[in-house]
Amino acid sequence: MLTALLAHCNAAARAYSSSVLDSLCYLFFSAKRSDVLLVLNSSDLPNNEFLFACELHGGVAHTLSEFSEEDIREILEKCGVSDTNWAKYTHLVSGGGHPQLAMAFIQSMTASGWDTSEFQTLNALLQGSPAVEDVRKRTRERLLNDLPPPSRQLLERLSLKTGDFSRELALDLGKTKPAIADAGIILETLTGSWVDQQEGNRFGLSPLLTGFAAKTLGADDKKQIESAIAESLTKSHELDVVDMNSAVLAAWTSENEGVLLKLCMAVLGSDFSELEMLAPHLSMFTLFRTDKIAYPANASLSHMFRGAQVLLLNQDSDSPDKLQDALHCFAREAASVEHEEMRAGMNLLVYSKLLLQTSKAGLSASFTDVVLQLDRILESDLLPVDMLQGARSFEEEGVTAIGFMFMNQARQLKKIQDLRCVFDFLDSASPKFRSRLLAPFTHDDFEVDMLVSGAWLREHDNETIDSPVHSAIFARLEGQASSWGETDLAVCCRKYQAIILDEYGSDKEGALLILDEGLSKFGQTNSELVRAKAKVLYRSEDHKESLALSKMLIESDAPLSEVEKAFLGRDAAISAEKQGDFKTARRYYLYGSDAAKKSNLPDMTAMRVGLLADAALASWHDGDRQTCLQDFVAVLSELSKFRPDETLRTAHCHAVVRHVLLWLDQDATGEQRLLENNEETKIYPGCVSNPEPHPKIKTRFITPIEMAWYMLTTIENHAFLDVGITENLERFLPAGPVLEGQMLLGSAKMQKAMALLDTKLFISALRDTNSYFSFVQSNGTISGGLDVKNVTYSTFPLATAEQQAKLKNLTEQFILLFCANYLFQGNALEMLGAVKEISEASGFSVRPEVLDRLQSEGPTPDFHTDLAKLLFMERLVATGEQQGTPRQVFEVAFKSLQVAQQIGSYRIIADSLVLWLEQRWAFVWERQRFLLSRPSLHETSIKTAMNNEVASPETMAAEILSAILPMLGIENQSELEAIIATLPR
């Protein structure tokens, strides 16, 4: 009763809202006084007036939508039904979970004991459930009793529209005679109770009203309304794909030929991309029966409808058989069109569109039947000249229209076996017709390979190539092509014989025999066969012979396609690189890159850049590091022009370029760079230009291009070069500086400054180091919040005076080590000038006493001042003012290595230190031997340490100190030996 009362209020509130609201308020307050929970059920939300009068807030209302499958499953579990299929079936039968219909069906099935035969017959779905129909019947009776005639009439008309509808349709149906006044207002009053508001301007009729008009309207009335529906849905210049199925059904039922014509023309006039999008949605076309005439009343319209069906089915990958059936229907129904020009024009439109499309359904080898039909039209006099203008434009460029369409379909074949049918078709054709079909392959823009490569590639992708069977098929095709005088096609077929034997049958000798016979037959300089032979040798790792053949093709400018030249250059370069001929490798990588560029194919862009990167690597291997880095400037510039996620090749190129940069940095520093899985960073010849990358490369994380630029700049500094990358870095960064990149670069600049004794660069790097460490300290985490997978676009702020003071210890270590390297590299005289320049710089803090000890004697209260004094004294030794002592030599070397280990400059210092130790120890051994303890006993160990040619500088430095230590008579010798043992080696 409460539900009925509230529903009545919502439906009639505009007429007598005051009395109804007063009654509801009275009911509400009565329940409140009696402490009774009151639940009001309504099709509409309560209005503001009611909420205000009853002192309720807006959140008190809750919307209960249709039952979901999960809701129905829970209801069925309460009824003891555990099979989840019943929940899905009930949801379907009840019009998507309508509560009343769902409960009616559940009650009906409970009474029948949930008979599982329903799943076989689908009676409730196809014929209707009596219980559900009874609910709908009572609903119709209620409509007759409760709703005024205009509302009832509008619902009748809307129930003839399949699916949801728009407000415009309701208004248009209101104008259909007899007109319904104020149809828009009536729709408003029905929304909530009988009409569901969906998103935007869309509405849906309650499932309770399914089939309503079928019980209340006569055939003529229904036909009139369905025609109005069809007209309304297609009145706009742009058709809504959501309503096209409904429009087809309404037009078909009402025999509205004008709308059917408009819908068919919309499909026939769509281009390839549009048909591809339309096909999944226009089921009224794609699912239409093919065992009867489409539209018997009008042969031309029926023919047109079949044409639209054929084009849509061609884009439906699930309907290859249905496509063939529709094609046969199209041909049969064409015969019923009396007007010859109209019939020929429609056939021309459909067949040409069909042959120009990329088929998802797959025409397979049967496309030759369509080609034959189309050629008859093109060669006949049935059509006026202006209708054939498009075909004539092809011929002006030296390509026949029928040949282009033939080629387009041939390249879509999925099986090599289908090529037999195509070649048999060509064999049976007249020489003149065959010449028209093969005309495109004489044009520079097309390759004869296109006729057979599509089938081979798809069999390759599906891993279904059978070497003996398929090589024999290509041998047969070669014979047919030769009989037509098509030498290039015959050579192509022989080439594929060899490819299949070698790559899929692992029969190298058989492949070479086929190619050698071909060279004898078609000429020893035939570039296609020579190239194929070079490939066979390349695959078998016979790089010397493969390179010789490839050189011959390249140097003679063989008439190969630009794509083939790109692959030829890559193969030749790899063969040269594997033989250690890096200059030749670079030349051929660049040859391949240039060919890839000339191909103008988007899919070759990544390979072009990859070949340029491989050429740069060849220069690095050849010792020309500067050229390598200059090339990588071009590589990164080109890399930023395409996204990693465009294709598998672009993903590979982006990922491997960054990997190569990591390897270059590893090679420049001599320090191992491990990948995320702790694998060693390795490269191989031609790695960046690999045309067939692993699919998983697309899942690799790709750092932003800015990080790649920072990596390249880091390599420039680690390689101690000045190519101009560091100087111009900011203009290379698309989105500006990156903190994570500055962190890498700061360290590399410091290493370069240390190695080259560049004071200005050292001061800049020291200032950057202070800024970075100050940022990390202020952030409060070890990493400073920096993450290469989520980079921060910014710059490190200059360290404040307070922050510089906190980093004083680190700053002094860098300065001491920088000065020590002056000494070790034999530039002790310039050390004093560097110290003065550092003391005048800003951006970092250092104690005056450290700088003083580097320039004069004085107190040494700590490690840093002590090492500074030792460096000052060694500078005096270098100038001849002092001779120094063996212990002083040891202490300078030992303490410098300790500092280098702490700040990460160990390798650079060790490189310089070894030579300095050898020179200083020669002086000690010659003039200060008397200061040593039992020198003869340790002479051999010192010579062994200094003459170890296979050891790294790091190892030699530690071993020399270990050999020297026992001769110095130091009291804590064992403690120092333990420290030396921990030094890097």
# chains A, B, ... in the order shown; residues from 1 in each chain; ligands from 1
$ select_by_dssp --residues "segment 463-689 of chain A" --states "alpha helix (DSSP H)" --output "PyMOL selection string"
chain A and resi 467-484+487-499+508-522+527-539+543-555+562-578+582-599+605-621+625-639+648-669
$ residues_around --residues "segment 813-815 of chain A" --least-positions-apart "6" --cutoff "12 Å" --atoms "only C-alpha atoms" --output "ChimeraX atom specification"
/A:747,750-751,753-754,757,759,762-763,765-767,769-770,807,821-822,831,834-839,844-847,850-851,854,863-865,867-868,871,895-906,909
$ closest_residue --among "A:His328, A:Lys360, A:Arg157, A:Lys565" --to "Met604 of chain A" --atoms "only C-alpha atoms"
A:Lys565
$ closest_residue --among "A:Glu874, A:Phe824, A:Leu438, A:Ala958" --to "Leu913 of chain A" --atoms "only C-alpha atoms"
A:Phe824
$ residues_around --residues "Asp911 of chain A" --least-positions-apart "5" --cutoff "9 Å" --atoms "only C-alpha atoms" --output "PDB file with C-alpha atoms, in the first residue's frame"
ATOM      1  CA  TYR A 906      89.825   4.838  -6.944  1.00  0.00           C
ATOM      2  CA  SER A 952      94.915  -3.914 -13.209  1.00  0.00           C
ATOM      3  CA  PRO A 953      96.272  -0.596 -11.875  1.00  0.00           C
ATOM      4  CA  GLU A 954      94.100  -1.053  -8.789  1.00  0.00           C
ATOM      5  CA  ALA A 957      98.836  -0.231  -6.438  1.00  0.00           C
TER       6      ALA A 957
END
$ atom_distance --atom1 "atom CA of Leu547 of chain A" --atom2 "atom CA of Ile574 of chain A"
8.9 Å
$ closest_residue --among "A:Glu706, A:Asp571, A:Glu577, A:Glu646" --to "His621 of chain A" --atoms "only C-alpha atoms"
A:Glu577
$ closest_residue --among "A:Asp665, A:Asp220, A:Asp240, A:Asp758" --to "Ala708 of chain A" --atoms "only C-alpha atoms"
A:Asp665
$ closest_residue --among "A:His718, A:Gly523, A:Ala455, A:Ser206" --to "Glu671 of chain A" --atoms "only C-alpha atoms"
A:His718
$ residues_around --residues "Gln626 of chain A" --least-positions-apart "5" --cutoff "9 Å" --atoms "only C-alpha atoms" --output "ChimeraX atom specification"
/A:619-620,631,716,721-723
$ residues_around --residues "Leu363 of chain A" --least-positions-apart "3" --cutoff "9 Å" --atoms "only C-alpha atoms" --output "list in words"
Asn314, Pro320, Leu323, Gln324, Ser359, Lys360, Ser366, Phe367, Gln409, Gln412 and Leu413 of chain A
$ residues_around --residues "Ala799 of chain A" --least-positions-apart "4" --cutoff "8 Å" --atoms "only C-alpha atoms" --output "list in words"
Asn770, Ser771, Ser774, Phe775, Gln803, Gln804, Gly843 and Phe844 of chain A
$ residues_around --residues "Leu662 of chain A" --least-positions-apart "4" --cutoff "9 Å" --atoms "only C-alpha atoms" --output "VMD selection string"
chain A and resid 657 to 658 666 to 667 673 681 711 to 712 715
$ closest_residue --among "A:Asp221, A:Glu692, A:Asp542, A:Asp369" --to "Arg649 of chain A" --atoms "only C-alpha atoms"
A:Glu692
$ atom_distance --atom1 "atom CA of Met109 of chain A" --atom2 "atom CA of Pro130 of chain A"
10.6 Å
$ atom_distance --atom1 "atom CA of Pro966 of chain A" --atom2 "atom CA of Arg934 of chain A"
8.7 Å
